$ cat upload24.cif   # mmCIF, C-alpha atoms, pLDDT in the B column; chains and numbers go by the auth columns
data_structure
#
loop_
_atom_site.group_PDB
_atom_site.id
_atom_site.type_symbol
_atom_site.label_atom_id
_atom_site.label_comp_id
_atom_site.label_asym_id
_atom_site.label_seq_id
_atom_site.Cartn_x
_atom_site.Cartn_y
_atom_site.Cartn_z
_atom_site.B_iso_or_equiv
_atom_site.auth_seq_id
_atom_site.auth_asym_id
ATOM 1 C CA MET A 1 65.422 38.561 91.735 48.00 1138 A
ATOM 2 C CA ALA A 2 64.886 42.244 92.265 57.00 1139 A
ATOM 3 C CA GLY A 3 67.732 44.275 93.736 66.00 1140 A
ATOM 4 C CA TRP A 4 67.637 45.848 97.177 65.00 1141 A
ATOM 5 C CA ARG A 5 66.847 49.279 95.737 66.00 1142 A
ATOM 6 C CA THR A 6 63.838 47.975 93.817 68.00 1143 A
ATOM 7 C CA GLN A 7 62.585 46.110 96.885 65.00 1144 A
ATOM 8 C CA LEU A 8 62.950 49.248 99.012 64.00 1145 A
ATOM 9 C CA ILE A 9 61.018 51.362 96.499 67.00 1146 A
ATOM 10 C CA ARG A 10 58.231 48.758 96.340 65.00 1147 A
ATOM 11 C CA HIS A 11 58.065 48.633 100.126 62.00 1148 A
ATOM 12 C CA VAL A 12 57.832 52.423 100.444 63.00 1149 A
ATOM 13 C CA ARG A 13 55.139 52.626 97.764 62.00 1150 A
ATOM 14 C CA ARG A 14 53.175 49.809 99.383 59.00 1151 A
ATOM 15 C CA GLU A 15 53.333 51.622 102.735 60.00 1152 A
ATOM 16 C CA ARG A 16 52.094 54.856 101.165 55.00 1153 A
ATOM 17 C CA TRP A 17 49.148 53.154 99.479 51.00 1154 A
ATOM 18 C CA THR A 18 48.291 51.221 102.651 51.00 1155 A
ATOM 19 C CA LYS A 19 48.292 54.400 104.733 51.00 1156 A
ATOM 20 C CA ALA A 20 46.165 56.184 102.140 48.00 1157 A
ATOM 21 C CA ALA A 21 43.731 53.267 101.943 48.00 1158 A
ATOM 22 C CA ASP A 22 43.441 53.061 105.745 48.00 1159 A
ATOM 23 C CA GLY A 23 42.413 56.702 105.926 50.00 1160 A
ATOM 24 C CA ALA A 24 45.644 57.715 107.628 48.00 1161 A
ATOM 25 C CA ARG A 25 47.509 60.852 106.694 47.00 1162 A
ATOM 26 C CA ARG A 26 47.824 61.401 102.952 49.00 1163 A
ATOM 27 C CA GLU A 27 51.261 62.485 101.847 51.00 1164 A
ATOM 28 C CA ILE A 28 52.009 65.738 100.096 51.00 1165 A
ATOM 29 C CA GLY A 29 55.686 65.426 99.331 53.00 1166 A
ATOM 30 C CA ASN A 30 57.302 64.024 102.462 54.00 1167 A
ATOM 31 C CA PHE A 31 55.197 65.931 104.968 56.00 1168 A
ATOM 32 C CA GLY A 32 51.604 64.715 104.766 57.00 1169 A
ATOM 33 C CA VAL A 33 48.397 66.730 104.788 59.00 1170 A
ATOM 34 C CA PRO A 34 48.234 69.116 107.740 60.00 1171 A
ATOM 35 C CA PRO A 35 45.037 68.807 109.798 59.00 1172 A
ATOM 36 C CA GLU A 36 43.976 72.395 109.030 60.00 1173 A
ATOM 37 C CA TYR A 37 44.675 72.070 105.299 61.00 1174 A
ATOM 38 C CA GLY A 38 42.046 74.109 103.464 57.00 1175 A
ATOM 39 C CA GLN A 39 40.321 75.168 106.708 58.00 1176 A
ATOM 40 C CA PRO A 40 42.711 76.825 109.163 60.00 1177 A
ATOM 41 C CA LYS A 41 41.347 77.576 112.619 63.00 1178 A
ATOM 42 C CA GLU A 42 41.472 81.348 112.067 62.00 1179 A
ATOM 43 C CA GLY A 43 38.730 81.932 109.516 61.00 1180 A
ATOM 44 C CA GLY A 44 39.791 79.523 106.821 62.00 1181 A
ATOM 45 C CA THR A 45 38.334 79.472 103.349 64.00 1182 A
ATOM 46 C CA GLY A 46 34.723 78.900 104.344 63.00 1183 A
ATOM 47 C CA PHE A 47 33.763 82.220 102.780 64.00 1184 A
ATOM 48 C CA LEU A 48 34.906 80.786 99.426 70.00 1185 A
ATOM 49 C CA GLY A 49 32.468 77.916 99.715 70.00 1186 A
ATOM 50 C CA THR A 50 34.854 75.230 100.943 72.00 1187 A
ATOM 51 C CA PRO A 51 32.675 72.267 101.932 75.00 1188 A
ATOM 52 C CA ASP A 52 32.657 70.971 105.484 75.00 1189 A
ATOM 53 C CA ASN A 53 33.815 67.555 104.303 79.00 1190 A
ATOM 54 C CA HIS A 54 36.948 68.926 102.630 75.00 1191 A
ATOM 55 C CA ARG A 55 39.153 66.448 104.558 73.00 1192 A
ATOM 56 C CA ASP A 56 37.188 63.508 103.125 79.00 1193 A
ATOM 57 C CA LEU A 57 37.476 65.003 99.662 78.00 1194 A
ATOM 58 C CA LEU A 58 41.245 65.312 100.111 74.00 1195 A
ATOM 59 C CA LYS A 59 41.451 61.585 100.843 74.00 1196 A
ATOM 60 C CA LYS A 60 39.704 60.842 97.543 74.00 1197 A
ATOM 61 C CA ARG A 61 42.025 63.089 95.527 70.00 1198 A
ATOM 62 C CA PRO A 62 44.181 61.026 93.150 63.00 1199 A
ATOM 63 C CA LEU A 63 47.872 60.759 93.880 63.00 1200 A
ATOM 64 C CA SER A 64 50.378 62.310 91.512 64.00 1201 A
ATOM 65 C CA PRO A 65 51.632 59.881 88.902 66.00 1202 A
ATOM 66 C CA GLU A 66 55.042 58.362 89.309 70.00 1203 A
ATOM 67 C CA LEU A 67 57.602 59.835 86.924 72.00 1204 A
ATOM 68 C CA PHE A 68 59.993 56.870 86.977 73.00 1205 A
ATOM 69 C CA ASP A 69 59.471 53.131 87.053 72.00 1206 A
ATOM 70 C CA LEU A 70 61.129 50.820 89.561 69.00 1207 A
ATOM 71 C CA GLU A 71 64.310 50.592 87.487 75.00 1208 A
ATOM 72 C CA GLY A 72 64.650 54.366 87.348 74.00 1209 A
ATOM 73 C CA LYS A 73 63.609 54.728 83.696 78.00 1210 A
ATOM 74 C CA PRO A 74 61.233 57.586 82.887 78.00 1211 A
ATOM 75 C CA LEU A 75 57.616 56.635 82.214 75.00 1212 A
ATOM 76 C CA TYR A 76 56.848 59.767 80.208 78.00 1213 A
ATOM 77 C CA LYS A 77 58.633 60.971 77.106 80.00 1214 A
ATOM 78 C CA PHE A 78 59.251 64.624 76.270 83.00 1215 A
ATOM 79 C CA PRO A 79 57.618 65.519 72.950 89.00 1216 A
ATOM 80 C CA LEU A 80 60.086 66.537 70.277 92.00 1217 A
ATOM 81 C CA VAL A 81 58.371 69.916 69.957 91.00 1218 A
ATOM 82 C CA SER A 82 59.034 70.755 73.613 91.00 1219 A
ATOM 83 C CA ILE A 83 62.662 69.646 73.284 93.00 1220 A
ATOM 84 C CA SER A 84 62.930 71.917 70.242 94.00 1221 A
ATOM 85 C CA SER A 85 61.502 74.852 72.175 93.00 1222 A
ATOM 86 C CA ILE A 86 63.811 74.265 75.133 94.00 1223 A
ATOM 87 C CA THR A 87 66.803 73.952 72.793 96.00 1224 A
ATOM 88 C CA ASN A 88 65.887 77.261 71.152 95.00 1225 A
ATOM 89 C CA ARG A 89 65.901 78.997 74.537 96.00 1226 A
ATOM 90 C CA VAL A 90 69.156 77.338 75.638 96.00 1227 A
ATOM 91 C CA THR A 91 70.913 78.282 72.403 96.00 1228 A
ATOM 92 C CA GLY A 92 69.747 81.874 72.878 96.00 1229 A
ATOM 93 C CA VAL A 93 71.315 81.960 76.336 96.00 1230 A
ATOM 94 C CA MET A 94 74.502 80.421 74.927 95.00 1231 A
ATOM 95 C CA LEU A 95 74.669 83.124 72.267 95.00 1232 A
ATOM 96 C CA VAL A 96 74.362 85.825 74.913 96.00 1233 A
ATOM 97 C CA GLY A 97 77.267 84.202 76.772 94.00 1234 A
ATOM 98 C CA TYR A 98 79.405 83.968 73.636 91.00 1235 A
ATOM 99 C CA THR A 99 78.676 87.570 72.724 91.00 1236 A
ATOM 100 C CA SER A 100 79.549 88.707 76.245 92.00 1237 A
ATOM 101 C CA MET A 101 82.855 86.791 76.217 87.00 1238 A
ATOM 102 C CA LEU A 102 83.823 88.179 72.817 83.00 1239 A
ATOM 103 C CA GLY A 103 82.828 91.693 73.882 86.00 1240 A
ATOM 104 C CA PHE A 104 84.873 91.386 77.069 86.00 1241 A
ATOM 105 C CA ALA A 105 87.874 90.130 75.086 82.00 1242 A
ATOM 106 C CA SER A 106 87.508 93.033 72.647 82.00 1243 A
ATOM 107 C CA VAL A 107 87.230 95.632 75.404 87.00 1244 A
ATOM 108 C CA THR A 108 90.182 94.345 77.417 85.00 1245 A
ATOM 109 C CA GLY A 109 92.408 93.690 74.433 80.00 1246 A
ATOM 110 C CA ASN A 110 92.160 92.474 70.890 80.00 1247 A
ATOM 111 C CA GLY A 111 89.480 89.811 70.326 76.00 1248 A
ATOM 112 C CA ILE A 112 91.105 88.512 67.137 81.00 1249 A
ATOM 113 C CA GLU A 113 94.425 88.027 68.922 84.00 1250 A
ATOM 114 C CA ALA A 114 92.645 86.129 71.703 81.00 1251 A
ATOM 115 C CA VAL A 115 91.079 83.757 69.156 83.00 1252 A
ATOM 116 C CA GLU A 116 94.411 83.217 67.405 88.00 1253 A
ATOM 117 C CA ALA A 117 96.152 82.580 70.741 88.00 1254 A
ATOM 118 C CA PHE A 118 93.484 79.993 71.606 88.00 1255 A
ATOM 119 C CA LYS A 119 93.950 78.268 68.246 90.00 1256 A
ATOM 120 C CA ALA A 120 97.715 78.135 68.712 93.00 1257 A
ATOM 121 C CA SER A 121 97.565 76.968 72.346 94.00 1258 A
ATOM 122 C CA TYR A 122 94.813 74.349 72.058 93.00 1259 A
ATOM 123 C CA PRO A 123 94.619 73.095 68.467 91.00 1260 A
ATOM 124 C CA TRP A 124 92.704 69.941 69.496 93.00 1261 A
ATOM 125 C CA LEU A 125 89.906 72.093 70.917 93.00 1262 A
ATOM 126 C CA VAL A 126 89.376 74.156 67.763 92.00 1263 A
ATOM 127 C CA LEU A 127 86.872 71.777 66.122 93.00 1264 A
ATOM 128 C CA PRO A 128 84.729 71.203 69.264 93.00 1265 A
ATOM 129 C CA THR A 129 84.763 74.942 69.965 92.00 1266 A
ATOM 130 C CA LYS A 130 83.674 75.736 66.432 92.00 1267 A
ATOM 131 C CA LEU A 131 80.866 73.182 66.796 94.00 1268 A
ATOM 132 C CA ALA A 132 79.880 74.650 70.180 93.00 1269 A
ATOM 133 C CA VAL A 133 79.613 78.105 68.606 92.00 1270 A
ATOM 134 C CA SER A 134 78.166 77.280 65.170 94.00 1271 A
ATOM 135 C CA TYR A 135 75.371 74.939 66.336 96.00 1272 A
ATOM 136 C CA PRO A 136 73.687 77.496 68.630 96.00 1273 A
ATOM 137 C CA VAL A 137 74.039 80.209 65.988 95.00 1274 A
ATOM 138 C CA LEU A 138 72.451 78.075 63.267 96.00 1275 A
ATOM 139 C CA TYR A 139 69.803 76.510 65.479 96.00 1276 A
ATOM 140 C CA HIS A 140 68.662 79.790 66.987 96.00 1277 A
ATOM 141 C CA TYR A 141 68.680 81.558 63.612 96.00 1278 A
ATOM 142 C CA LEU A 142 66.753 78.804 61.826 96.00 1279 A
ATOM 143 C CA GLY A 143 64.362 78.480 64.770 94.00 1280 A
ATOM 144 C CA GLY A 144 63.697 82.213 64.538 93.00 1281 A
ATOM 145 C CA LEU A 145 62.968 81.902 60.821 92.00 1282 A
ATOM 146 C CA ARG A 146 60.571 79.046 61.563 91.00 1283 A
ATOM 147 C CA HIS A 147 58.711 81.234 64.048 88.00 1284 A
ATOM 148 C CA LEU A 148 58.559 84.111 61.569 87.00 1285 A
ATOM 149 C CA ILE A 149 56.953 81.762 59.050 84.00 1286 A
ATOM 150 C CA TRP A 150 54.484 80.574 61.706 81.00 1287 A
ATOM 151 C CA ASP A 151 53.662 84.186 62.643 77.00 1288 A
ATOM 152 C CA GLU A 152 52.883 85.027 59.021 75.00 1289 A
ATOM 153 C CA PHE A 153 50.701 81.950 58.561 71.00 1290 A
ATOM 154 C CA ILE A 154 47.023 82.839 58.502 61.00 1291 A
ATOM 155 C CA GLU A 155 45.216 80.469 60.815 61.00 1292 A
ATOM 156 C CA GLY A 156 41.632 79.467 60.253 54.00 1293 A
ATOM 157 C CA GLU A 157 41.885 78.072 56.738 57.00 1294 A
ATOM 158 C CA GLN A 158 40.102 74.771 57.271 55.00 1295 A
ATOM 159 C CA THR A 159 40.387 73.506 53.692 60.00 1296 A
ATOM 160 C CA LYS A 160 44.206 73.354 53.663 64.00 1297 A
ATOM 161 C CA PRO A 161 46.446 71.430 56.068 63.00 1298 A
ATOM 162 C CA SER A 162 47.728 73.677 58.840 67.00 1299 A
ATOM 163 C CA MET A 163 51.411 74.498 59.276 74.00 1300 A
ATOM 164 C CA LEU A 164 50.739 74.429 63.010 75.00 1301 A
ATOM 165 C CA SER A 165 49.343 70.914 63.203 76.00 1302 A
ATOM 166 C CA ASN A 166 51.115 68.477 65.499 79.00 1303 A
ATOM 167 C CA GLU A 167 52.559 66.511 62.596 83.00 1304 A
ATOM 168 C CA SER A 168 53.924 69.520 60.707 85.00 1305 A
ATOM 169 C CA VAL A 169 55.404 71.111 63.842 88.00 1306 A
ATOM 170 C CA GLU A 170 57.113 67.833 64.775 91.00 1307 A
ATOM 171 C CA PHE A 171 58.406 67.461 61.218 92.00 1308 A
ATOM 172 C CA SER A 172 59.771 71.010 61.226 92.00 1309 A
ATOM 173 C CA SER A 173 61.485 70.278 64.570 94.00 1310 A
ATOM 174 C CA LYS A 174 63.223 67.250 63.046 96.00 1311 A
ATOM 175 C CA VAL A 175 64.279 69.325 60.043 95.00 1312 A
ATOM 176 C CA LEU A 176 65.538 72.073 62.359 95.00 1313 A
ATOM 177 C CA PHE A 177 67.661 69.668 64.432 96.00 1314 A
ATOM 178 C CA GLY A 178 69.060 67.920 61.341 96.00 1315 A
ATOM 179 C CA THR A 179 69.781 71.056 59.341 96.00 1316 A
ATOM 180 C CA SER A 180 71.463 72.715 62.282 96.00 1317 A
ATOM 181 C CA ALA A 181 73.643 69.673 62.990 96.00 1318 A
ATOM 182 C CA VAL A 182 74.741 69.246 59.369 96.00 1319 A
ATOM 183 C CA GLY A 183 75.310 72.985 58.921 95.00 1320 A
ATOM 184 C CA ALA A 184 77.276 73.265 62.175 95.00 1321 A
ATOM 185 C CA LEU A 185 79.474 70.335 61.188 95.00 1322 A
ATOM 186 C CA GLY A 186 80.088 71.935 57.796 94.00 1323 A
ATOM 187 C CA LEU A 187 80.989 75.263 59.385 93.00 1324 A
ATOM 188 C CA ALA A 188 83.225 73.586 61.964 92.00 1325 A
ATOM 189 C CA LEU A 189 85.132 71.674 59.280 92.00 1326 A
ATOM 190 C CA TYR A 190 85.511 74.773 57.113 87.00 1327 A
ATOM 191 C CA SER A 191 88.705 76.681 57.732 77.00 1328 A
ATOM 192 C CA VAL A 192 89.565 80.136 56.496 63.00 1329 A
#
$ encode --input "upload24.cif" --output "C-alpha coordinates"
Amino acid sequence: MAGWRTQLIRHVRRERWTKAADGARREIGNFGVPPEYGQPKEGGTGFLGTPDNHRDLLKKRPLSPELFDLEGKPLYKFPLVSISSITNRVTGVMLVGYTSMLGFASVTGNGIEAVEAFKASYPWLVLPTKLAVSYPVLYHYLGGLRHLIWDEFIEGEQTKPSMLSNESVEFSSKVLFGTSAVGALGLALYSV
(Lines of atoms letter the chains of each structure in order from A and count residues from 1; the text may use other names and numbers.)
(Lines give C-alpha, C1' and ligand atoms only; values in the text may rest on other atoms or scores of the structure.)
Protein backbone atom coordinates (compact mmCIF):
# COMPACT_ATOMS: atom_id res chain seq x y z
CA MET A 1 0.00 0.00 0.00
CA ALA A 2 1.28 3.42 -0.91
CA GLY A 3 2.33 5.74 1.89
CA TRP A 4 0.49 8.92 2.79
CA ARG A 5 3.03 11.08 0.97
CA THR A 6 2.63 9.13 -2.27
CA GLN A 7 -1.16 9.29 -1.99
CA LEU A 8 -1.02 13.05 -1.40
CA ILE A 9 1.22 13.59 -4.44
CA ARG A 10 -1.11 11.48 -6.62
CA HIS A 11 -4.12 13.42 -5.37
CA VAL A 12 -2.50 16.80 -6.10
CA ARG A 13 -1.42 15.69 -9.58
CA ARG A 14 -4.88 14.31 -10.32
CA GLU A 15 -6.44 17.62 -9.26
CA ARG A 16 -4.07 19.58 -11.50
CA TRP A 17 -4.83 17.41 -14.53
CA THR A 18 -8.58 17.54 -13.84
CA LYS A 19 -8.53 21.34 -13.61
CA ALA A 20 -6.48 21.57 -16.80
CA ALA A 21 -8.79 19.16 -18.62
CA ASP A 22 -11.90 21.05 -17.46
CA GLY A 23 -10.58 24.27 -18.95
CA ALA A 24 -10.07 25.84 -15.54
CA ARG A 25 -7.01 27.87 -14.69
CA ARG A 26 -3.76 26.30 -15.86
CA GLU A 27 -1.00 26.41 -13.30
CA ILE A 28 2.31 28.16 -13.79
CA GLY A 29 4.18 27.26 -10.65
CA ASN A 30 1.72 27.67 -7.79
CA PHE A 31 -0.04 30.75 -9.13
CA GLY A 32 -1.93 29.83 -12.29
CA VAL A 33 -2.18 31.73 -15.56
CA PRO A 34 -3.27 35.34 -15.03
CA PRO A 35 -6.26 36.37 -17.16
CA GLU A 36 -4.25 39.04 -19.01
CA TYR A 37 -1.30 36.72 -19.68
CA GLY A 38 0.10 37.61 -23.09
CA GLN A 39 -2.50 40.35 -23.67
CA PRO A 40 -2.57 42.92 -20.86
CA LYS A 41 -5.35 45.49 -20.98
CA GLU A 42 -2.94 48.36 -21.70
CA GLY A 43 -1.79 47.64 -25.24
CA GLY A 44 -0.56 44.10 -24.84
CA THR A 45 1.48 42.28 -27.43
CA GLY A 46 -1.00 42.55 -30.28
CA PHE A 47 1.51 44.56 -32.29
CA LEU A 48 3.78 41.48 -32.22
CA GLY A 49 1.12 39.37 -33.87
CA THR A 50 -0.25 37.63 -30.79
CA PRO A 51 -3.39 35.80 -31.93
CA ASP A 52 -6.77 36.62 -30.44
CA ASN A 53 -7.17 33.04 -29.23
CA HIS A 54 -3.95 33.11 -27.20
CA ARG A 55 -5.82 31.93 -24.06
CA ASP A 56 -7.02 28.80 -25.90
CA LEU A 57 -3.50 28.18 -27.14
CA LEU A 58 -2.19 28.46 -23.58
CA LYS A 59 -4.58 25.70 -22.50
CA LYS A 60 -3.14 23.41 -25.18
CA ARG A 61 0.46 24.07 -24.16
CA PRO A 62 2.07 20.93 -22.70
CA LEU A 63 2.83 20.88 -19.01
CA SER A 64 6.43 20.76 -17.84
CA PRO A 65 7.66 17.24 -17.23
CA GLU A 66 7.92 15.97 -13.71
CA LEU A 67 11.50 15.78 -12.47
CA PHE A 68 10.89 13.17 -9.77
CA ASP A 69 8.70 10.10 -9.59
CA LEU A 70 6.26 9.40 -6.78
CA GLU A 71 8.98 7.90 -4.58
CA GLY A 72 11.16 10.98 -4.95
CA LYS A 73 13.71 9.39 -7.29
CA PRO A 74 14.86 11.50 -10.24
CA LEU A 75 13.45 10.55 -13.64
CA TYR A 76 16.28 12.16 -15.60
CA LYS A 77 19.97 11.39 -15.29
CA PHE A 78 22.72 13.98 -15.64
CA PRO A 79 25.06 13.05 -18.50
CA LEU A 80 28.60 12.32 -17.38
CA VAL A 81 29.90 15.09 -19.63
CA SER A 82 27.81 17.72 -17.83
CA ILE A 83 28.93 16.39 -14.45
CA SER A 84 32.52 16.65 -15.69
CA SER A 85 31.99 20.25 -16.78
CA ILE A 86 30.35 21.20 -13.49
CA THR A 87 33.16 19.50 -11.55
CA ASN A 88 35.75 21.46 -13.54
CA ARG A 89 34.07 24.74 -12.59
CA VAL A 90 33.67 23.74 -8.92
CA THR A 91 37.31 22.69 -8.65
CA GLY A 92 38.33 26.04 -10.15
CA VAL A 93 36.37 27.87 -7.47
CA MET A 94 37.91 25.63 -4.80
CA LEU A 95 41.39 26.46 -6.07
CA VAL A 96 40.65 30.18 -5.84
CA GLY A 97 39.55 29.64 -2.23
CA TYR A 98 42.66 27.62 -1.37
CA THR A 99 44.92 30.21 -2.97
CA SER A 100 43.17 33.00 -1.08
CA MET A 101 43.52 31.18 2.26
CA LEU A 102 47.20 30.46 1.67
CA GLY A 103 47.80 34.05 0.56
CA PHE A 104 46.03 35.38 3.65
CA ALA A 105 48.08 33.08 5.89
CA SER A 106 51.28 34.23 4.18
CA VAL A 107 50.41 37.92 4.49
CA THR A 108 49.39 37.74 8.14
CA GLY A 109 52.21 35.45 9.21
CA ASN A 110 54.18 32.54 7.89
CA GLY A 111 52.17 30.16 5.68
CA ILE A 112 54.58 27.25 6.22
CA GLU A 113 54.28 27.60 9.99
CA ALA A 114 50.49 27.61 9.69
CA VAL A 115 50.58 24.34 7.73
CA GLU A 116 52.96 22.74 10.23
CA ALA A 117 50.78 23.89 13.15
CA PHE A 118 47.74 22.34 11.45
CA LYS A 119 49.59 19.06 10.95
CA ALA A 120 50.66 18.97 14.59
CA SER A 121 47.23 19.95 15.97
CA TYR A 122 45.02 17.76 13.78
CA PRO A 123 47.03 14.79 12.50
CA TRP A 124 43.86 12.80 11.65
CA LEU A 125 42.78 15.54 9.25
CA VAL A 126 46.03 15.62 7.27
CA LEU A 127 45.06 12.88 4.77
CA PRO A 128 41.53 14.22 4.05
CA THR A 129 42.93 17.74 3.71
CA LYS A 130 45.60 16.57 1.29
CA LEU A 131 42.89 14.79 -0.72
CA ALA A 132 40.69 17.90 -0.64
CA VAL A 133 43.55 19.98 -2.03
CA SER A 134 45.17 17.52 -4.47
CA TYR A 135 41.97 16.35 -6.22
CA PRO A 136 40.87 19.83 -7.35
CA VAL A 137 44.42 20.67 -8.44
CA LEU A 138 44.76 17.51 -10.53
CA TYR A 139 41.23 17.54 -11.89
CA HIS A 140 41.31 21.18 -12.94
CA TYR A 141 44.80 20.85 -14.44
CA LEU A 142 43.98 17.69 -16.40
CA GLY A 143 40.62 19.15 -17.46
CA GLY A 144 42.46 22.20 -18.78
CA LEU A 145 44.83 19.99 -20.75
CA ARG A 146 41.85 18.13 -22.20
CA HIS A 147 40.35 21.41 -23.37
CA LEU A 148 43.66 22.51 -24.89
CA ILE A 149 43.73 19.28 -26.88
CA TRP A 150 40.12 19.85 -27.98
CA ASP A 151 40.94 23.45 -29.00
CA GLU A 152 43.82 22.25 -31.17
CA PHE A 153 41.72 19.55 -32.82
CA ILE A 154 40.76 20.49 -36.36
CA GLU A 155 37.07 19.84 -36.78
CA GLY A 156 35.56 18.91 -40.10
CA GLU A 157 37.62 15.84 -40.91
CA GLN A 158 34.81 13.45 -41.80
CA THR A 159 36.99 10.45 -42.63
CA LYS A 160 38.45 10.08 -39.12
CA PRO A 161 36.52 9.61 -35.87
CA SER A 162 36.07 12.92 -34.06
CA MET A 163 37.62 13.62 -30.67
CA LEU A 164 34.48 15.61 -29.91
CA SER A 165 31.97 12.84 -30.53
CA ASN A 166 29.68 11.92 -27.66
CA GLU A 167 31.44 8.62 -27.07
CA SER A 168 34.97 10.05 -27.01
CA VAL A 169 33.99 12.99 -24.78
CA GLU A 170 32.27 10.63 -22.32
CA PHE A 171 35.30 8.33 -22.37
CA SER A 172 37.66 11.23 -21.71
CA SER A 173 35.42 12.31 -18.80
CA LYS A 174 35.71 8.84 -17.26
CA VAL A 175 39.48 8.91 -17.73
CA LEU A 176 39.63 12.39 -16.19
CA PHE A 177 37.65 11.36 -13.09
CA GLY A 178 39.66 8.14 -12.64
CA THR A 179 43.08 9.66 -13.23
CA SER A 180 42.36 12.53 -10.90
CA ALA A 181 41.12 10.22 -8.14
CA VAL A 182 44.09 7.85 -8.38
CA GLY A 183 46.58 10.72 -8.64
CA ALA A 184 45.03 12.59 -5.71
CA LEU A 185 45.14 9.46 -3.56
CA GLY A 186 48.79 8.95 -4.50
CA LEU A 187 49.65 12.55 -3.65
CA ALA A 188 47.71 12.39 -0.39
CA LEU A 189 49.53 9.22 0.71
CA TYR A 190 52.92 10.64 -0.26
CA SER A 191 54.69 12.39 2.58
CA VAL A 192 57.75 14.58 2.34
$ residues_around --input "upload24.cif" --residues "segment 1316-1320 of chain A" --least-positions-apart "3" --cutoff "8 Å" --atoms "all atoms listed in the file" --output "list of chain:residue names"
A:Tyr1272, A:Leu1275, A:Tyr1276, A:Leu1279, A:Val1312, A:Leu1313, A:Gly1323, A:Leu1324
$ resolve_selection --input "upload24.cif" --expression "the PyMOL selection byres ((chain A and resi 1255-1266) around 12)" --output "PyMOL selection string"
chain A and resi 1235+1248-1254+1267-1273+1321-1328
$ write_last_selection --input "upload24.cif" --atoms "C-alpha atoms" --output "PDB file, in the coordinates of the input"
ATOM      1  CA  TYR A1235      79.405  83.968  73.636  1.00 91.00           C
ATOM      2  CA  GLY A1248      89.480  89.811  70.326  1.00 76.00           C
ATOM      3  CA  ILE A1249      91.105  88.512  67.137  1.00 81.00           C
ATOM      4  CA  GLU A1250      94.425  88.027  68.922  1.00 84.00           C
ATOM      5  CA  ALA A1251      92.645  86.129  71.703  1.00 81.00           C
ATOM      6  CA  VAL A1252      91.079  83.757  69.156  1.00 83.00           C
ATOM      7  CA  GLU A1253      94.411  83.217  67.405  1.00 88.00           C
ATOM      8  CA  ALA A1254      96.152  82.580  70.741  1.00 88.00           C
ATOM      9  CA  LYS A1267      83.674  75.736  66.432  1.00 92.00           C
ATOM     10  CA  LEU A1268      80.866  73.182  66.796  1.00 94.00           C
ATOM     11  CA  ALA A1269      79.880  74.650  70.180  1.00 93.00           C
ATOM     12  CA  VAL A1270      79.613  78.105  68.606  1.00 92.00           C
ATOM     13  CA  SER A1271      78.166  77.280  65.170  1.00 94.00           C
ATOM     14  CA  TYR A1272      75.371  74.939  66.336  1.00 96.00           C
ATOM     15  CA  PRO A1273      73.687  77.496  68.630  1.00 96.00           C
ATOM     16  CA  ALA A1321      77.276  73.265  62.175  1.00 95.00           C
ATOM     17  CA  LEU A1322      79.474  70.335  61.188  1.00 95.00           C
ATOM     18  CA  GLY A1323      80.088  71.935  57.796  1.00 94.00           C
ATOM     19  CA  LEU A1324      80.989  75.263  59.385  1.00 93.00           C
ATOM     20  CA  ALA A1325      83.225  73.586  61.964  1.00 92.00           C
ATOM     21  CA  LEU A1326      85.132  71.674  59.280  1.00 92.00           C
ATOM     22  CA  TYR A1327      85.511  74.773  57.113  1.00 87.00           C
ATOM     23  CA  SER A1328      88.705  76.681  57.732  1.00 77.00           C
TER      24      SER A1328
END
$ residues_around --input "upload24.cif" --residues "Ser1219 of chain A" --least-positions-apart "4" --cutoff "12 Å" --atoms "only C-alpha atoms" --output "ChimeraX atom specification"
/A:1214-1215,1223-1226,1303,1306-1307,1310-1311
$ atom_distance --input "upload24.cif" --atom1 "atom CA of Val1274 of chain A" --atom2 "atom CA of Val1244 of chain A"
22.4 Å
$ axis_aligned_box --input "upload24.cif" --around "segment 1266-1281 of chain A" --padding-each-side "5 Å" --output "lines of an AutoDock Vina configuration file"
center_x = 74.2
center_y = 77.7
center_z = 66.0
size_x = 31.1
size_y = 19.0
size_z = 18.4
$ atom_distance --input "upload24.cif" --atom1 "atom CA of Phe1205 of chain A" --atom2 "atom CA of Ser1309 of chain A"
29.4 Å
$ atom_distance --input "upload24.cif" --atom1 "atom CA of Leu1232 of chain A" --atom2 "atom CA of His1277 of chain A"
8.7 Å
$ closest_residue --input "upload24.cif" --among "A:Phe1241, A:Leu1282, A:Phe1308, A:Gly1315" --to "Leu1217 of chain A" --atoms "all atoms listed in the file"
A:Phe1308
$ closest_residue --input "upload24.cif" --among "A:Gly1280, A:Gly1246, A:Gly1240, A:Glu1289" --to "Thr1228 of chain A" --atoms "only C-alpha atoms"
A:Gly1280
